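The structure appears below as structure tokens.
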Amino acid sequence: MEWTWAGGLAAGLLIAAVTAPVGVSGAVFLLPVQLSVFGVPNPAVTPTNLLFNVVAGPGALWRYRRDGALRGDLTRRLVLGTLPGVVVGAVIRVFALPGPTVFRLLIAVLLLPLGLWLCRRALAPSHRQPSPPGELPPRTLTGLALAVGVVGGIYGIGGGSLLGPILVGRGLPVARVAPAALAATFATSLVGAAAYALLSLVGSGDVAPDWWLGLACGTGGLIGGYLGARLQPRLPERALRLLLGTLAAAVGALYAAQTLS
């Protein structure tokens, strides 16, 4: 128990500190750690990841709120779009889709090329970069958030790892995307964790979260998320885009390797 608590605390802190500046909660990286290192069974790993997001989220969000970064239409649309999706995703996960193979393949196909493209744009000289396509229309943005909410509800990864690269790829600044993506991740995780708690009463198998591990990882993420959000204004936009692209490509490559193994 003590090793699990210390290991979860350290994992959550390190992951959140690196990912919070670009709007990623870190749950997408924590998922394979929970499966491979801590041995959390399926589908309990999903609500455990959601619990991590719930506990860890306020650290970064509090810092972003102090800086006024949570105001605006983008945060509202992402939150309102992802909330109904996470409930649908939780139901699908418990009753129809217990296996992770299809998810890993889809994430690999989406994030690996997108991450590499973001890295290429960040490393290219500024005068050679093509003009960004611009902000998504409101309805398209809400639809995207809804789809990401469903994915987050199924696999408990949080929406930031998907929303961040897509929106930044459209040309939005990381400083605007990161707080909104983390707010959506926190809101959907809160609703998703409650949905899994209710579904555990009627579903079979390991549906309830690993409470001790989720709280340990979340406590570390609470500290790391605050530190990462505090660091973000000190990083140039180019470095943030490169970090986001690297994280996206790493996640895609990780899940591609797991799918092929």
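Numbering starts fresh at 1 for the residues of each chain in the structure tokens, the chains themselves are lettered A, B, ... in the order given, and ligands are numbered from 1 as they appear.
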(request) Going by DSSP on the backbone, which bits of range 31-136 of chain A are helix (DSSP H, G or I)? Write them as a ChimeraX atom specification, please. (result) /A:31-36,45-66,73-95,101-123,126-128
(request) Find the spatial neighbours of Ala250 in chain A, counting only C-alpha atoms, within a cut-off of 10 Å - ignore same-chain residues fewer than 5 positions away - and output them as a PyMOL selection string. (result) chain A and resi 29+108+111-112+115-116+244-245+255-256
(request) May I ask which of the residues A:Gln34, A:Thr75, A:Thr246, A:Thr140 is the closest one to Leu118 in chain A, counting only C-alpha atoms? (result) A:Thr246
(request) Write out as a PyMOL selection string the residues lying within 12 Å of range 1-10 of chain A, counting only C-alpha atoms and excluding same-chain residues fewer than 4 positions away. (result) chain A and resi 14-17+30-31+33-34+37-40+48-49+52+55-56+210-224
(message) To one decimal place in Å, what is the distance between CA of Ile166 in chain A and CA of Leu182 in chain A?
(response)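 Going from CA of Ile166 in chain A over to CA of Leu182 in chain A covers 14.2 Å.
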(request) Find the spatial neighbours of Gln258 in chain A, counting only C-alpha atoms, within a cut-off of 9 Å - ignore same-chain residues fewer than 5 positions away - and output them as a ChimeraX atom specification. (result) /A:101,104-105,253
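What separates CA of Ala193 in chain A from CA of Thr19 in chain A is a distance of 21.3 Å.
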(message) Nearest residue to Ala69 in chain A out of A:Arg120, A:Arg176, A:Arg230, A:Arg241, using only C-alpha atoms?
(response)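 Under the stated criterion, the closest residue is A:Arg176.
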Determine, for each residue of range 1-104 of chain A having at least one atom at most 12 Å from an atom of range 145-153 of chain A, the closest pair of atoms and their separation in Å to one decimal, counting only C-alpha atoms; order by chain and ascending number, as a Markdown table.
| residue | atom | partner | partner_atom | distance |
| --- | --- | --- | --- | --- |
| A:Ser25 | CA | A:Gly152 | CA | 11.7 |
| A:Ala27 | CA | A:Gly152 | CA | 10.0 |
| A:Val28 | CA | A:Gly152 | CA | 9.7 |
| A:Leu31 | CA | A:Gly152 | CA | 12.0 |
| A:Pro43 | CA | A:Gly153 | CA | 11.4 |
| A:Val45 | CA | A:Gly153 | CA | 11.7 |
| A:Thr46 | CA | A:Gly153 | CA | 7.9 |
| A:Pro47 | CA | A:Gly153 | CA | 8.7 |
| A:Thr48 | CA | A:Gly153 | CA | 11.7 |
| A:Asn49 | CA | A:Gly152 | CA | 9.9 |
| A:Leu50 | CA | A:Gly153 | CA | 8.4 |
| A:Leu51 | CA | A:Gly153 | CA | 12.0 |
| A:Asn53 | CA | A:Gly152 | CA | 11.0 |
| A:Leu74 | CA | A:Ala145 | CA | 10.5 |
| A:Thr75 | CA | A:Ala145 | CA | 10.6 |
| A:Arg76 | CA | A:Ala145 | CA | 10.6 |
| A:Arg77 | CA | A:Ala145 | CA | 7.7 |
| A:Leu78 | CA | A:Ala145 | CA | 5.4 |
| A:Val79 | CA | A:Ala145 | CA | 7.6 |
| A:Leu80 | CA | A:Ala145 | CA | 8.0 |
| A:Gly81 | CA | A:Leu146 | CA | 4.5 |
| A:Thr82 | CA | A:Gly149 | CA | 4.1 |
| A:Leu83 | CA | A:Gly149 | CA | 6.4 |
| A:Pro84 | CA | A:Leu146 | CA | 6.9 |
| A:Gly85 | CA | A:Val150 | CA | 4.2 |
| A:Val86 | CA | A:Gly153 | CA | 4.0 |
| A:Val87 | CA | A:Gly153 | CA | 6.3 |
| A:Val88 | CA | A:Val150 | CA | 6.0 |
| A:Gly89 | CA | A:Gly153 | CA | 4.1 |
| A:Ala90 | CA | A:Gly153 | CA | 4.7 |
| A:Val91 | CA | A:Gly153 | CA | 8.2 |
| A:Ile92 | CA | A:Gly153 | CA | 8.4 |
| A:Arg93 | CA | A:Gly153 | CA | 7.5 |
| A:Val94 | CA | A:Gly153 | CA | 10.1 |
| A:Leu97 | CA | A:Val151 | CA | 11.4 |
| A:Pro100 | CA | A:Val151 | CA | 11.5 |
| A:Val102 | CA | A:Val151 | CA | 11.5 |
| A:Phe103 | CA | A:Val151 | CA | 8.4 |
| A:Arg104 | CA | A:Val151 | CA | 11.2 |
(request) Have a look at CA of Tyr64 in chain A and CA of Thr142 in chain A and let me know their distance in Å, one decimal. (result) 22.2 Å
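Take the candidates A:Pro138, A:Gly68, A:Gly59, A:Gly192 and check each one against Ala208 in chain A using only C-alpha atoms; the shortest distance goes to A:Gly192.
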